[in-house]
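What follows is the content of my_file.cif, which has mmCIF, C-alpha atoms:
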data_structure
loop_
_atom_site.label_atom_id
_atom_site.label_comp_id
_atom_site.auth_asym_id
_atom_site.auth_seq_id
_atom_site.Cartn_x
_atom_site.Cartn_y
_atom_site.Cartn_z
CA MET A 1 129.06 69.88 106.62
CA PRO A 2 126.65 70.99 103.88
CA THR A 3 127.92 70.95 100.30
CA PRO A 4 127.17 73.80 97.85
CA THR A 5 124.43 71.59 96.39
CA ASP A 6 122.77 71.27 99.80
CA SER A 7 123.15 74.90 100.81
CA PRO A 8 120.12 77.19 100.79
CA LEU A 9 119.62 79.30 97.71
CA ARG A 10 120.81 82.86 98.02
CA VAL A 11 118.79 85.68 96.55
CA ALA A 12 120.55 87.81 93.92
CA PRO A 13 122.62 89.90 93.90
CA VAL A 14 125.36 87.65 95.24
CA ILE A 15 127.98 87.71 92.50
CA GLU A 16 131.61 88.06 93.42
CA GLU A 17 134.93 86.70 92.20
CA GLY A 18 134.99 82.89 92.02
CA VAL A 19 132.13 80.40 91.84
CA GLY A 20 128.75 80.56 93.50
CA ASP A 21 125.02 80.33 93.00
CA PHE A 22 121.94 82.41 93.66
CA LEU A 23 118.18 82.39 93.26
CA PHE A 24 116.59 84.46 90.52
CA GLU A 25 112.84 84.91 90.46
CA GLY A 26 112.34 87.12 87.43
CA GLU A 27 110.13 90.13 87.03
CA GLU A 28 106.95 88.26 87.87
CA ARG A 29 108.40 86.81 91.09
CA GLY A 30 106.98 83.48 90.03
CA LYS A 31 108.88 80.30 89.21
CA PRO A 32 112.49 80.79 90.40
CA ILE A 33 115.62 79.46 88.76
CA ARG A 34 118.92 78.65 90.42
CA VAL A 35 121.84 80.33 88.68
CA TRP A 36 125.31 78.81 88.94
CA TYR A 37 128.03 81.30 88.11
CA SER A 38 131.76 81.74 87.69
CA ALA A 39 133.04 85.31 87.95
CA PRO A 40 136.52 86.46 86.86
CA ALA A 41 138.86 88.52 88.97
CA GLY A 42 138.80 92.26 88.57
CA ASP A 43 136.03 94.70 87.80
CA LEU A 44 132.93 92.64 87.00
CA ALA A 45 131.30 95.66 85.42
CA THR A 46 133.58 95.22 82.39
CA ALA A 47 133.22 91.44 82.05
CA ASP A 48 131.62 89.80 79.03
CA MET A 49 128.68 87.52 79.74
CA LEU A 50 128.13 83.91 78.69
CA ILE A 51 124.83 82.17 79.39
CA VAL A 52 124.95 78.36 79.19
CA MET A 53 121.79 76.27 79.05
CA THR A 54 121.87 72.78 80.58
CA GLY A 55 120.78 69.47 79.13
CA ALA A 56 117.71 67.48 80.13
CA GLN A 57 119.17 66.61 83.55
CA ARG A 58 119.02 70.31 84.48
CA ASP A 59 122.43 69.88 86.13
CA GLY A 60 123.74 73.42 86.20
CA ARG A 61 126.59 72.78 88.61
CA ARG A 62 128.10 70.10 86.35
CA TYR A 63 127.75 72.29 83.27
CA ARG A 64 129.52 75.09 85.10
CA SER A 65 132.32 72.68 86.04
CA ASP A 66 132.79 71.70 82.38
CA TRP A 67 133.26 75.35 81.45
CA LEU A 68 135.64 76.39 84.25
CA PRO A 69 138.89 75.33 82.53
CA LEU A 70 137.71 76.91 79.28
CA LEU A 71 137.27 80.29 80.94
CA GLU A 72 140.79 80.59 82.32
CA GLY A 73 142.33 83.88 81.26
CA SER A 74 139.02 85.18 79.96
CA ASN A 75 137.23 88.21 81.36
CA THR A 76 133.90 86.42 81.16
CA LEU A 77 131.10 86.07 83.67
CA LEU A 78 129.51 82.63 83.23
CA LEU A 79 125.85 82.23 84.14
CA VAL A 80 124.22 78.79 84.07
CA PRO A 81 120.47 79.08 84.76
CA GLU A 82 118.96 75.85 86.08
CA PHE A 83 115.29 75.37 85.21
CA SER A 84 114.30 72.73 87.75
CA GLU A 85 111.85 69.95 86.95
CA ASP A 86 109.76 71.03 89.95
CA GLU A 87 109.24 74.56 88.68
CA TYR A 88 109.55 73.87 84.94
CA PRO A 89 108.27 70.32 84.42
CA GLY A 90 108.72 68.41 81.19
CA SER A 91 110.13 69.37 77.83
CA SER A 92 107.35 71.87 77.12
CA SER A 93 108.55 74.15 79.93
CA TYR A 94 112.25 73.87 79.12
CA ASN A 95 113.20 72.39 75.74
CA LEU A 96 110.38 74.32 74.09
CA GLY A 97 110.97 77.44 76.14
CA GLY A 98 107.43 77.50 77.49
CA LEU A 99 106.04 78.17 74.00
CA VAL A 100 103.35 75.56 74.66
CA ASP A 101 101.71 74.10 77.73
CA SER A 102 101.78 70.43 78.76
CA ASP A 103 98.92 69.72 76.33
CA GLY A 104 100.80 71.30 73.44
CA ASP A 105 98.64 74.41 73.25
CA PRO A 106 100.38 77.76 72.56
CA ARG A 107 101.00 80.05 75.55
CA ASP A 108 101.07 83.84 75.68
CA GLN A 109 104.54 85.28 75.16
CA ASP A 110 104.52 86.73 78.67
CA SER A 111 104.50 83.13 79.96
CA TRP A 112 107.45 81.87 77.92
CA SER A 113 110.42 80.48 79.85
CA PHE A 114 112.61 82.26 77.30
CA ASN A 115 111.83 85.53 79.06
CA MET A 116 113.87 84.49 82.09
CA VAL A 117 117.10 84.68 80.10
CA GLU A 118 116.60 88.28 79.05
CA GLN A 119 115.41 89.22 82.55
CA LEU A 120 118.44 87.55 84.11
CA PHE A 121 120.76 89.49 81.81
CA ASP A 122 119.04 92.78 82.68
CA HIS A 123 119.18 91.99 86.38
CA VAL A 124 122.89 91.17 86.40
CA VAL A 125 123.68 94.26 84.33
CA ASP A 126 121.79 96.41 86.81
CA GLU A 127 123.28 94.82 89.92
CA LEU A 128 126.86 94.97 88.67
CA ASP A 129 126.47 98.31 86.92
CA SER A 130 127.78 96.38 83.93
CA THR A 131 128.79 97.92 80.62
CA ALA A 132 127.72 94.75 78.78
CA GLU A 133 125.22 95.36 76.01
CA ASP A 134 124.88 91.75 74.91
CA TYR A 135 125.78 88.18 75.81
CA ALA A 136 126.87 84.92 74.22
CA MET A 137 124.68 81.85 74.57
CA PHE A 138 125.41 78.12 74.41
CA GLY A 139 123.24 75.07 74.94
CA HIS A 140 123.82 71.35 74.60
CA SER A 141 121.19 68.66 73.93
CA ALA A 142 117.95 69.85 75.59
CA GLY A 143 119.73 73.18 76.09
CA ALA A 144 120.34 73.33 72.34
CA GLN A 145 116.64 72.85 71.79
CA PHE A 146 116.06 75.84 74.06
CA VAL A 147 118.75 77.92 72.31
CA HIS A 148 117.71 77.44 68.68
CA ARG A 149 114.06 78.16 69.51
CA PHE A 150 115.18 81.17 71.54
CA VAL A 151 116.81 82.55 68.38
CA GLU A 152 113.72 81.79 66.30
CA PHE A 153 111.10 83.22 68.65
CA MET A 154 113.07 85.87 70.57
CA PRO A 155 114.74 87.58 67.59
CA GLU A 156 115.09 90.92 69.41
CA SER A 157 117.11 89.42 72.28
CA ARG A 158 120.55 90.74 73.21
CA ALA A 159 122.31 87.44 72.34
CA ARG A 160 125.18 88.41 70.04
CA ILE A 161 125.90 84.78 69.17
CA ALA A 162 124.08 81.57 70.04
CA VAL A 163 125.44 78.03 69.72
CA ALA A 164 123.06 75.07 69.66
CA ALA A 165 125.01 71.83 70.10
CA ASN A 166 123.58 68.35 69.49
CA ALA A 167 119.88 69.12 69.85
CA GLY A 168 117.59 66.11 69.91
CA TRP A 169 115.03 67.61 67.54
CA TYR A 170 114.12 71.01 66.14
CA THR A 171 111.46 73.49 65.16
CA VAL A 172 112.28 73.57 61.46
CA LEU A 173 111.58 76.65 59.36
CA ASP A 174 108.82 75.02 57.35
CA ASP A 175 105.25 76.38 57.31
CA SER A 176 103.91 73.02 56.12
CA VAL A 177 105.01 71.18 59.29
CA ASP A 178 102.87 71.49 62.42
CA PHE A 179 104.29 73.37 65.37
CA PRO A 180 106.38 72.68 67.43
CA HIS A 181 108.18 70.50 64.84
CA GLY A 182 107.62 73.22 62.24
CA LEU A 183 106.02 76.65 61.88
CA HIS A 184 102.42 75.78 60.99
CA ASP A 185 100.33 77.44 63.74
CA ALA A 186 103.54 78.62 65.47
CA PRO A 187 103.77 81.97 67.31
CA ARG A 188 105.65 83.32 64.29
CA GLU A 189 105.36 82.42 60.60
CA LEU A 190 108.22 81.84 58.20
CA ALA A 191 107.71 85.31 56.73
CA GLU A 192 108.44 86.73 60.20
CA MET A 193 111.78 84.93 60.53
CA GLU A 194 113.89 87.50 58.71
CA THR A 195 115.34 88.98 61.91
CA ALA A 196 115.97 85.54 63.39
CA LEU A 197 117.83 84.46 60.25
CA SER A 198 119.99 87.58 60.45
CA ARG A 199 121.16 86.70 63.97
CA GLU A 200 124.31 84.63 64.48
CA LEU A 201 123.31 81.06 65.26
CA VAL A 202 125.83 78.20 65.11
CA VAL A 203 124.41 74.71 64.69
CA LEU A 204 127.18 72.63 66.25
CA LEU A 205 127.02 68.89 65.64
CA GLY A 206 129.14 65.95 66.73
CA ALA A 207 129.89 63.79 63.71
CA ASP A 208 129.61 60.69 65.89
CA ASP A 209 126.28 61.64 67.50
CA ILE A 210 124.53 59.05 65.37
CA ASP A 211 123.12 56.57 67.87
CA SER A 212 119.48 56.18 66.79
CA ARG A 213 118.84 53.90 69.79
CA ASP A 214 119.97 56.39 72.43
CA ASN A 215 117.37 56.19 75.20
CA SER A 216 117.44 59.97 75.62
CA LEU A 217 116.70 60.60 71.93
CA GLN A 218 113.05 61.22 71.16
CA ARG A 219 111.86 58.74 68.56
CA ASP A 220 108.41 59.17 67.07
CA ARG A 221 106.88 59.74 63.66
CA LYS A 222 107.10 63.54 63.74
CA ALA A 223 110.65 63.72 65.11
CA ASP A 224 111.87 60.97 62.78
CA ARG A 225 110.83 63.04 59.76
CA GLN A 226 113.83 65.20 60.66
CA GLY A 227 116.14 62.16 60.71
CA THR A 228 116.73 59.18 62.98
CA ASP A 229 119.77 60.52 64.84
CA ARG A 230 120.95 63.90 66.12
CA LEU A 231 123.49 64.47 63.35
CA ALA A 232 120.91 63.89 60.62
CA ARG A 233 118.35 66.07 62.35
CA GLY A 234 120.78 68.92 62.79
CA MET A 235 121.86 68.77 59.16
CA ASN A 236 118.22 68.76 58.09
CA PHE A 237 117.42 71.74 60.34
CA TYR A 238 120.25 73.83 58.93
CA GLN A 239 119.57 72.94 55.31
CA THR A 240 115.86 73.66 55.68
CA ALA A 241 116.66 77.08 57.16
CA ARG A 242 119.10 77.87 54.38
CA GLU A 243 116.50 76.99 51.75
CA ALA A 244 113.82 78.97 53.61
CA ALA A 245 116.02 82.08 53.61
CA GLY A 246 116.51 81.76 49.87
CA THR A 247 117.64 84.98 48.22
CA ASP A 248 115.06 87.21 49.91
CA MET A 249 116.20 86.98 53.53
CA PRO A 250 119.58 87.48 55.21
CA PHE A 251 121.19 84.29 56.42
CA ASN A 252 123.75 84.41 59.21
CA TRP A 253 123.43 80.87 60.53
CA HIS A 254 126.43 78.52 60.44
CA LEU A 255 126.87 74.77 60.46
CA ILE A 256 129.88 73.13 62.11
CA VAL A 257 130.26 69.35 62.21
CA VAL A 258 133.00 68.18 64.58
CA PRO A 259 134.76 64.87 63.83
CA GLY A 260 135.27 62.38 66.64
CA ILE A 261 132.65 63.75 69.05
CA ALA A 262 129.38 62.08 69.96
CA HIS A 263 126.86 63.30 72.56
CA SER A 264 129.23 65.01 75.01
CA HIS A 265 128.66 68.40 76.57
CA ALA A 266 132.25 68.77 77.74
CA ASP A 267 133.66 68.02 74.28
CA MET A 268 131.24 70.32 72.50
CA ALA A 269 131.84 73.10 75.02
CA ARG A 270 135.56 72.89 74.26
CA VAL A 271 134.82 73.39 70.55
CA ALA A 272 132.33 76.19 71.19
CA ALA A 273 134.54 78.15 73.59
CA PRO A 274 136.54 80.04 70.93
CA LEU A 275 133.27 81.04 69.25
CA VAL A 276 131.36 82.32 72.26
CA LEU A 277 134.34 83.84 74.07
CA ASN A 278 135.48 85.73 71.00
CA GLY A 279 131.92 86.66 70.14
CA SER A 280 132.01 85.74 66.47
CA SER A 281 132.44 82.82 64.11
CA ASP A 282 133.66 82.49 60.55
CA ASP A 283 131.24 81.40 57.85
CA HIS A 284 131.33 77.60 57.76
#

So that I can check it, write out the structure of this file as structure tokens.
Amino acid sequence: MPTPTDSPLRVAPVIEEGVGDFLFEGEERGKPIRVWYSAPAGDLATADMLIVMTGAQRDGRRYRSDWLPLLEGSNTLLLVPEFSEDEYPGSSSYNLGGLVDSDGDPRDQDSWSFNMVEQLFDHVVDELDSTAEDYAMFGHSAGAQFVHRFVEFMPESRARIAVAANAGWYTVLDDSVDFPHGLHDAPRELAEMETALSRELVVLLGADDIDSRDNSLQRDRKADRQGTDRLARGMNFYQTAREAAGTDMPFNWHLIVVPGIAHSHADMARVAAPLVLNGSSDDH
């Protein structure tokens, strides 16, 4: 008997109470993504929305499973878009949100993978006749790379809060550092980051995510300038942003370092749940 993983993809809209998955092709009907969801009981039109971005394994079903116990009692529709390696190969298509091509050259904004998130939100709102005007966003590891760059380069998105947990490396708000590690020759300059800095971004770091020899951690000269482990890189990213904002720009980004957690999606999701399900965080 086929398992849900083996079953053919179903074209949206197929969202009903419980868990399921469907195919979403976006406005351009180009590269599709598989969306794993968990829908609460009751009127889905009134449900809040949470979009969770996967890690480098692009394992949306497992990420959904990690969130299921955290959603109990919450009127939240969980959407986990899965950007497959076949359709979105390499880190340039996913971690970097399609900002650059495989050669590292900038792409037109219409070609960014980031656009699929906003289009997915619009599509679900339309199909469910939803009253939702915004959504919460969470990403771990490669997904956190996607999320923090989404905030930087999609500042007009409907994400009310975004949590980037344990990213491997960052696009720091520094015009002197070459893109994509910094903003030199980036699609937007530091002076254009005022809206992004006013959005609510939580940089969520595991205090024990300090293994500099982790095989999945990118180690090269440019990345190592941000630090030699994920904790150091995240601290550097936040501090650089805070200094870049200075006194002239609003700053609504937060830093949370969680003791006793290393590079674990399930553990970080548990910490993030009160933030994204309540829609706001305190200043940390």

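Shortest separation to A:Val100 among A:Pro180, A:Phe153, A:Asp126, A:Ala56 occurs at residue A:Pro180, atoms counted being all atoms listed in the file.
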
Evaluating the PyMOL selection byres ((chain A and resi 42) around 12) on the displayed file yields which residues, as a PyMOL selection string? chain A and resi 16-18+39-41+43-47+73-77

Emit the selected residues as a PDB file, keeping the file's coordinate frame, including C-alpha atoms.
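The new file part18.pdb reads:
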ATOM      1  CA  GLU A  16     131.610  88.060  93.420  1.00  0.00           C
ATOM      2  CA  GLU A  17     134.930  86.700  92.200  1.00  0.00           C
ATOM      3  CA  GLY A  18     134.990  82.890  92.020  1.00  0.00           C
ATOM      4  CA  ALA A  39     133.040  85.310  87.950  1.00  0.00           C
ATOM      5  CA  PRO A  40     136.520  86.460  86.860  1.00  0.00           C
ATOM      6  CA  ALA A  41     138.860  88.520  88.970  1.00  0.00           C
ATOM      7  CA  ASP A  43     136.030  94.700  87.800  1.00  0.00           C
ATOM      8  CA  LEU A  44     132.930  92.640  87.000  1.00  0.00           C
ATOM      9  CA  ALA A  45     131.300  95.660  85.420  1.00  0.00           C
ATOM     10  CA  THR A  46     133.580  95.220  82.390  1.00  0.00           C
ATOM     11  CA  ALA A  47     133.220  91.440  82.050  1.00  0.00           C
ATOM     12  CA  GLY A  73     142.330  83.880  81.260  1.00  0.00           C
ATOM     13  CA  SER A  74     139.020  85.180  79.960  1.00  0.00           C
ATOM     14  CA  ASN A  75     137.230  88.210  81.360  1.00  0.00           C
ATOM     15  CA  THR A  76     133.900  86.420  81.160  1.00  0.00           C
ATOM     16  CA  LEU A  77     131.100  86.070  83.670  1.00  0.00           C
TER      17      LEU A  77
END

A:Glu85 proximity check over A:Val203, A:Ile161, A:Ile33, A:Ala232, using only C-alpha atoms: winner is A:Ile33

From the list A:Leu128, A:Val14, A:Leu99, A:Ile210, the nearest residue to A:Asp48 using only C-alpha atoms is A:Leu128

For stretch 219-226 of chain A, work out the shell of residues within 12 Å, counting only C-alpha atoms and skipping chain neighbours fewer than 3 positions away, then give it as a short mmCIF file (atom, residue, chain, number, x, y, z; two decimals) with C-alpha atoms, in the frame of the given file.
data_model
loop_
_atom_site.label_atom_id
_atom_site.label_comp_id
_atom_site.auth_asym_id
_atom_site.auth_seq_id
_atom_site.Cartn_x
_atom_site.Cartn_y
_atom_site.Cartn_z
CA ALA A 167 119.88 69.12 69.85
CA GLY A 168 117.59 66.11 69.91
CA TRP A 169 115.03 67.61 67.54
CA TYR A 170 114.12 71.01 66.14
CA THR A 171 111.46 73.49 65.16
CA VAL A 172 112.28 73.57 61.46
CA LEU A 173 111.58 76.65 59.36
CA ASP A 174 108.82 75.02 57.35
CA VAL A 177 105.01 71.18 59.29
CA ASP A 178 102.87 71.49 62.42
CA PHE A 179 104.29 73.37 65.37
CA PRO A 180 106.38 72.68 67.43
CA HIS A 181 108.18 70.50 64.84
CA GLY A 182 107.62 73.22 62.24
CA ASP A 211 123.12 56.57 67.87
CA SER A 212 119.48 56.18 66.79
CA ARG A 213 118.84 53.90 69.79
CA ASP A 214 119.97 56.39 72.43
CA ASN A 215 117.37 56.19 75.20
CA SER A 216 117.44 59.97 75.62
CA ASP A 229 119.77 60.52 64.84
CA ARG A 230 120.95 63.90 66.12
CA LEU A 231 123.49 64.47 63.35
CA ALA A 232 120.91 63.89 60.62
CA ARG A 233 118.35 66.07 62.35
CA GLY A 234 120.78 68.92 62.79
CA MET A 235 121.86 68.77 59.16
CA ASN A 236 118.22 68.76 58.09
CA PHE A 237 117.42 71.74 60.34
CA TYR A 238 120.25 73.83 58.93
CA GLN A 239 119.57 72.94 55.31
CA THR A 240 115.86 73.66 55.68
#

Could you list the residues chosen by the PyMOL selection byres ((chain A and resi 103-117) around 10) in this structure as a ChimeraX atom specification? /A:24-28,31-33,51,53,79,81,83,88,92-102,118-123,137,146-147,149-151,153-154,157-159,179-180,185-187

Shell around A:Asn166 at 6 Å using only C-alpha atoms, local window under 5 positions removed, as a ChimeraX atom specification:
/A:140-141,205

Using only C-alpha atoms, which of A:Leu68, A:Val35, A:Met49, A:Leu255 sits nearest A:Val80?
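With only C-alpha atoms as the atom set, the closest residue is A:Val35.
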
Inset, instruction - Using all atoms listed in the file, find the one residue out of A:Leu23, A:Ala241, A:Ala272, A:Ile261 that sits nearest to A:Ser84. - result: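 Of all the options, A:Leu23 lies closest to A:Ser84.
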
So what does the PyMOL selection byres ((chain A and resi 66) around 9) actually pick up in this one, as a list of chain:residue names?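 Output from the PyMOL selection byres ((chain A and resi 66) around 9), applied to this file: A:Arg61, A:Arg62, A:Tyr63, A:Arg64, A:Ser65, A:Trp67, A:Leu68, A:Pro69, A:Leu70, A:His265, A:Ala266, A:Asp267, A:Ala269, A:Arg270.
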
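Between atom CA of A:Val202 and atom CA of A:Leu190 lies a distance of 19.3 Å.
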
Provide an axis-aligned box for all listed atoms of stretch 28-47 of chain A, padding each side by 5 Å; report its centre and its edge lengths in Å to one decimal, as AutoDock Vina command-line options.
--center_x 122.9 --center_y 87.2 --center_z 86.6 --size_x 41.9 --size_y 27.0 --size_z 19.0

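Note that the spacing between atom CA of A:Val52 and atom CA of A:Arg188 amounts to 24.9 Å.
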
A straight line from atom CA of A:Val258 to atom CA of A:Asp208 spans 8.3 Å
